[in-house]
Structure formats: C-alpha cells, structure tokens
file target_26.tsv (TSV, C-alpha atoms and all ligand atoms)
chain	number	residue	atom	x	y	z
A	1	MET	CA	-35.84	-14.90	0.22
A	2	ASP	CA	-36.29	-15.36	3.95
A	3	ALA	CA	-37.44	-18.94	3.45
A	4	LYS	CA	-34.02	-19.96	2.22
A	5	THR	CA	-31.16	-20.83	4.55
A	6	TYR	CA	-27.78	-19.40	3.62
A	7	PRO	CA	-24.37	-20.66	4.74
A	8	VAL	CA	-23.98	-17.44	6.73
A	9	THR	CA	-27.04	-16.46	8.76
A	10	ARG	CA	-27.40	-13.70	11.34
A	11	THR	CA	-30.24	-12.45	13.45
A	12	ASP	CA	-31.71	-9.06	12.74
A	13	ALA	CA	-29.91	-7.65	15.79
A	14	GLU	CA	-26.61	-9.07	14.58
A	15	TRP	CA	-27.08	-7.51	11.16
A	16	ARG	CA	-27.84	-4.15	12.73
A	17	ALA	CA	-24.68	-4.36	14.82
A	18	LEU	CA	-22.53	-5.41	11.87
A	19	LEU	CA	-23.77	-2.98	9.23
A	20	THR	CA	-24.10	0.78	9.08
A	21	PRO	CA	-27.71	2.03	8.89
A	22	GLU	CA	-27.27	2.69	5.17
A	23	GLN	CA	-25.83	-0.76	4.58
A	24	TYR	CA	-28.65	-2.32	6.56
A	25	GLN	CA	-31.25	-0.46	4.52
A	26	VAL	CA	-29.73	-1.63	1.24
A	27	MET	CA	-28.62	-5.14	2.11
A	28	ARG	CA	-31.40	-6.33	4.41
A	29	ASN	CA	-34.32	-4.13	3.26
A	30	HIS	CA	-33.61	-4.14	-0.47
A	31	GLY	CA	-32.93	-0.43	-0.48
A	32	THR	CA	-31.01	1.50	-3.11
A	33	GLU	CA	-28.29	4.02	-2.39
A	34	ARG	CA	-28.30	7.39	-4.11
A	35	PRO	CA	-26.56	7.23	-7.51
A	36	GLY	CA	-22.99	8.48	-7.33
A	37	SER	CA	-22.97	8.43	-3.54
A	38	CYS	CA	-20.42	5.70	-3.04
A	39	ALA	CA	-16.67	6.18	-3.25
A	40	LEU	CA	-16.25	2.69	-4.64
A	41	LEU	CA	-17.74	3.99	-7.87
A	42	TYR	CA	-14.40	5.66	-8.52
A	43	GLU	CA	-12.24	2.74	-7.44
A	44	LYS	CA	-9.89	2.04	-10.32
A	45	ARG	CA	-7.24	-0.10	-8.67
A	46	ALA	CA	-6.89	-3.80	-9.29
A	47	GLY	CA	-8.41	-5.85	-6.53
A	48	THR	CA	-11.43	-7.68	-5.29
A	49	PHE	CA	-14.83	-6.45	-4.16
A	50	THR	CA	-16.15	-8.50	-1.29
A	51	CYS	CA	-19.56	-8.76	0.40
A	52	ALA	CA	-19.90	-6.29	3.30
A	53	GLY	CA	-22.07	-8.87	5.06
A	54	CYS	CA	-19.81	-11.92	4.99
A	55	ASP	CA	-16.52	-11.01	3.21
A	56	GLN	CA	-17.09	-13.39	0.33
A	57	PRO	CA	-15.33	-12.23	-2.90
A	58	LEU	CA	-18.06	-11.15	-5.31
A	59	PHE	CA	-16.47	-9.18	-8.14
A	60	GLU	CA	-13.00	-8.58	-9.51
A	61	SER	CA	-12.02	-5.05	-10.45
A	62	LYS	CA	-10.90	-6.04	-13.93
A	63	LEU	CA	-14.52	-6.84	-14.67
A	64	LYS	CA	-15.81	-3.53	-13.33
A	65	PHE	CA	-16.78	-0.92	-15.90
A	66	GLU	CA	-18.11	2.59	-16.05
A	67	SER	CA	-21.77	2.38	-16.93
A	68	GLY	CA	-22.59	6.03	-16.37
A	69	THR	CA	-25.48	5.08	-14.09
A	70	GLY	CA	-23.91	6.28	-10.85
A	71	TRP	CA	-23.63	2.80	-9.38
A	72	PRO	CA	-20.64	0.50	-9.49
A	73	SER	CA	-21.23	-1.82	-12.42
A	74	PHE	CA	-19.74	-5.20	-13.13
A	75	ASN	CA	-19.80	-7.57	-16.01
A	76	ASP	CA	-19.52	-10.91	-14.32
A	77	PRO	CA	-19.48	-12.03	-10.69
A	78	VAL	CA	-17.01	-14.46	-9.17
A	79	GLU	CA	-18.43	-17.85	-10.12
A	80	GLY	CA	-21.02	-19.08	-7.64
A	81	SER	CA	-20.85	-16.00	-5.42
A	82	VAL	CA	-24.06	-14.29	-6.54
A	83	GLU	CA	-27.61	-15.61	-6.92
A	84	ASN	CA	-30.46	-14.02	-8.82
A	85	THR	CA	-34.17	-13.84	-8.17
A	86	VAL	CA	-36.99	-12.16	-10.05
A	87	ASP	CA	-37.96	-8.89	-8.40
A	88	ARG	CA	-41.50	-7.70	-9.18
A	89	SER	CA	-41.50	-4.70	-6.84
A	90	TYR	CA	-42.35	-1.16	-7.97
A	91	GLY	CA	-44.40	-2.49	-10.90
A	92	MET	CA	-41.27	-3.60	-12.75
A	93	VAL	CA	-39.86	-7.02	-13.47
A	94	ARG	CA	-36.16	-6.91	-12.71
A	95	THR	CA	-33.52	-9.45	-11.85
A	96	GLU	CA	-32.40	-8.94	-8.27
A	97	CYS	CA	-29.01	-10.23	-7.21
A	98	HIS	CA	-27.83	-11.15	-3.74
A	99	CYS	CA	-24.85	-12.74	-2.05
A	100	ALA	CA	-25.05	-16.53	-2.31
A	101	ARG	CA	-23.37	-16.92	1.07
A	102	CYS	CA	-25.34	-14.59	3.37
A	103	GLY	CA	-28.34	-13.62	1.24
A	104	SER	CA	-27.72	-9.88	1.45
A	105	HIS	CA	-29.24	-7.82	-1.34
A	106	LEU	CA	-26.59	-6.33	-3.65
A	107	GLY	CA	-28.37	-4.77	-6.61
A	108	HIS	CA	-29.92	-5.71	-9.93
A	109	VAL	CA	-28.82	-7.33	-13.17
A	110	PHE	CA	-29.69	-5.84	-16.54
A	111	PRO	CA	-29.19	-7.38	-19.98
A	112	ASP	CA	-27.52	-4.31	-21.52
A	113	GLY	CA	-23.90	-4.77	-20.48
A	114	PRO	CA	-20.79	-5.06	-22.66
A	115	PRO	CA	-19.34	-8.33	-23.99
A	116	PRO	CA	-18.53	-11.06	-23.19
A	117	THR	CA	-21.48	-11.70	-20.88
A	118	GLY	CA	-23.76	-8.90	-22.10
A	119	LEU	CA	-24.84	-8.44	-18.50
A	120	ARG	CA	-24.65	-5.37	-16.30
A	121	TYR	CA	-24.53	-6.02	-12.58
A	122	CYS	CA	-25.65	-2.72	-11.08
A	123	ILE	CA	-24.48	-2.92	-7.49
A	124	ASN	CA	-24.94	-0.73	-4.44
A	125	GLY	CA	-21.43	0.31	-3.40
A	126	VAL	CA	-22.26	0.18	0.31
A	127	ALA	CA	-22.83	-3.58	-0.02
A	128	LEU	CA	-19.20	-4.02	-1.03
A	129	ASN	CA	-15.79	-3.75	0.54
A	130	PHE	CA	-12.73	-3.32	-1.66
A	131	GLU	CA	-9.51	-5.19	-1.11
A	132	PRO	CA	-6.66	-3.89	-3.31
A	133	ALA	CA	-4.53	-6.52	-4.98
A	134	THR	CA	-1.21	-7.00	-3.23
A	201	ZN	ZN	-22.52	-12.04	1.79
call {"tool": "encode", "arguments": {"input": "target_26.tsv", "output": "structure tokens", "more": "lines below"}}
Ligand SMILES: [Zn+2]
result
Amino acid sequence: MDAKTYPVTRTDAEWRALLTPEQYQVMRNHGTERPGSCALLYEKRAGTFTCAGCDQPLFESKLKFESGTGWPSFNDPVEGSVENTVDRSYGMVRTECHCARCGSHLGHVFPDGPPPTGLRYCINGVALNFEPAT
C-alpha cells in the first residue's frame, strides 16, 4: 500500500506525533487492538465515526451493529471513504480495509454481515473518532 499516493500523506514522524502509540500500531503497522478494548464498541448514540488519521467520515452510527466479536462492526461505509485490498498475512486470505483519504489501516471486511449489504466491517475502534449528531 505504500506505493500508492493518498490525498492525505504524512511522514512517519508526523504520524507518530499525531497518533497514540496504539493508534500508530493499528493504523500504520496493520495491528489489531484487543477485542472489547475500545470504548467506541459501546457507542450507541447517533453520529458519525471519522478517521483518526484525517477526520474523514467513514461510518454512520445507524449502520453500526453488535457483532459480538469485540470490535466495532459496521454494515456499510460512507460511499467512497474506504478502500479494500486483499490481505494474505498470517496464512489467511482476508479483505483488508483502509481509509481512502490517508491510507490508514482500519480493519477487515467479512462476508457474514446482516442485510442489506451482507458485509461486516470489523474495525479497530482506536482508528475512529466519534462525533455525536447535533
Ligand atoms: Zn484517513
């Protein structure tokens, strides 16, 4: 993914200054937070989840659902905000998803979600900020 240029680009030092160590590990090193570790998992208010790396709106809370996995799960991203790539790490073939604006890793997409899309976006909560609807 480093070969691609995103609308928002930062140097490694800039990312380290902007993000917490945990965010950096997840978003720039394709890490995964511990299941159930993020408070956003329990966010039930209406609002918008934005990228912690560039503030782009990624998911709307009405499309969030409780998957029981321990990670915030969404059905459908804001159109055009998320890109997918095939992730062959750890001996598995998974669909990785990242922010289309800054390229930060967000989580993975699985084909076992509820209707209408049938997709489950399994997202690391640290990669998101929540803005309650006003
Ligand atoms: Zn972003």
call {"tool": "atom_distance", "arguments": {"input": "target_26.tsv", "atom1": "CA of Arg94 in chain A", "atom2": "CA of Arg120 in chain A"}}
result
12.2 Å
call {"tool": "residues_around", "arguments": {"input": "target_26.tsv", "residues": "range 110-118 of chain A", "least_positions_apart": "2", "cutoff": "10 Å", "atoms": "only C-alpha atoms", "output": "MDAnalysis selection string"}}
result
chainID A and resid 65 67 73:76 94:96 108 120:122
call {"tool": "residues_near_ligand", "arguments": {"input": "target_26.tsv", "ligand": "ligand ZN 201 (chain A)", "cutoff": "12 Å", "atoms": "all atoms listed in the file", "output": "VMD selection string"}}
result
chain A and resid 6 to 10 15 19 27 to 28 49 to 59 80 to 83 97 to 106 127 to 129
call {"tool": "closest_residue", "arguments": {"input": "target_26.tsv", "among": "A:Tyr24, A:Glu66, A:Glu14, A:Asn29", "to": "Lys44 in chain A", "atoms": "only C-alpha atoms"}}
result
A:Glu66
call {"tool": "atom_distance", "arguments": {"input": "target_26.tsv", "atom1": "CA of Gly31 in chain A", "atom2": "CA of Pro132 in chain A"}}
result
26.6 Å
call {"tool": "atom_distance", "arguments": {"input": "target_26.tsv", "atom1": "CA of His30 in chain A", "atom2": "CA of Tyr42 in chain A"}}
result
23.0 Å
call {"tool": "closest_residue", "arguments": {"input": "target_26.tsv", "among": "A:Asp12, A:Gly70, A:Thr85, A:Leu18", "to": "Thr32 in chain A", "atoms": "all atoms listed in the file"}}
result
A:Gly70
call {"tool": "residues_around", "arguments": {"input": "target_26.tsv", "residues": "Gly36 in chain A", "least_positions_apart": "6", "cutoff": "9 Å", "atoms": "all atoms listed in the file", "output": "list in words"}}
result
Thr69, Gly70, Trp71 and Pro72 of chain A
call {"tool": "closest_residue", "arguments": {"input": "target_26.tsv", "among": "A:Arg88, A:Arg34, A:Arg45, A:Lys62", "to": "Val126 in chain A", "atoms": "only C-alpha atoms"}}
result
A:Arg34
call {"tool": "closest_residue", "arguments": {"input": "target_26.tsv", "among": "A:Asn84, A:Ser61, A:Ser89, A:Thr11", "to": "Ala46 in chain A", "atoms": "only C-alpha atoms"}}
result
A:Ser61
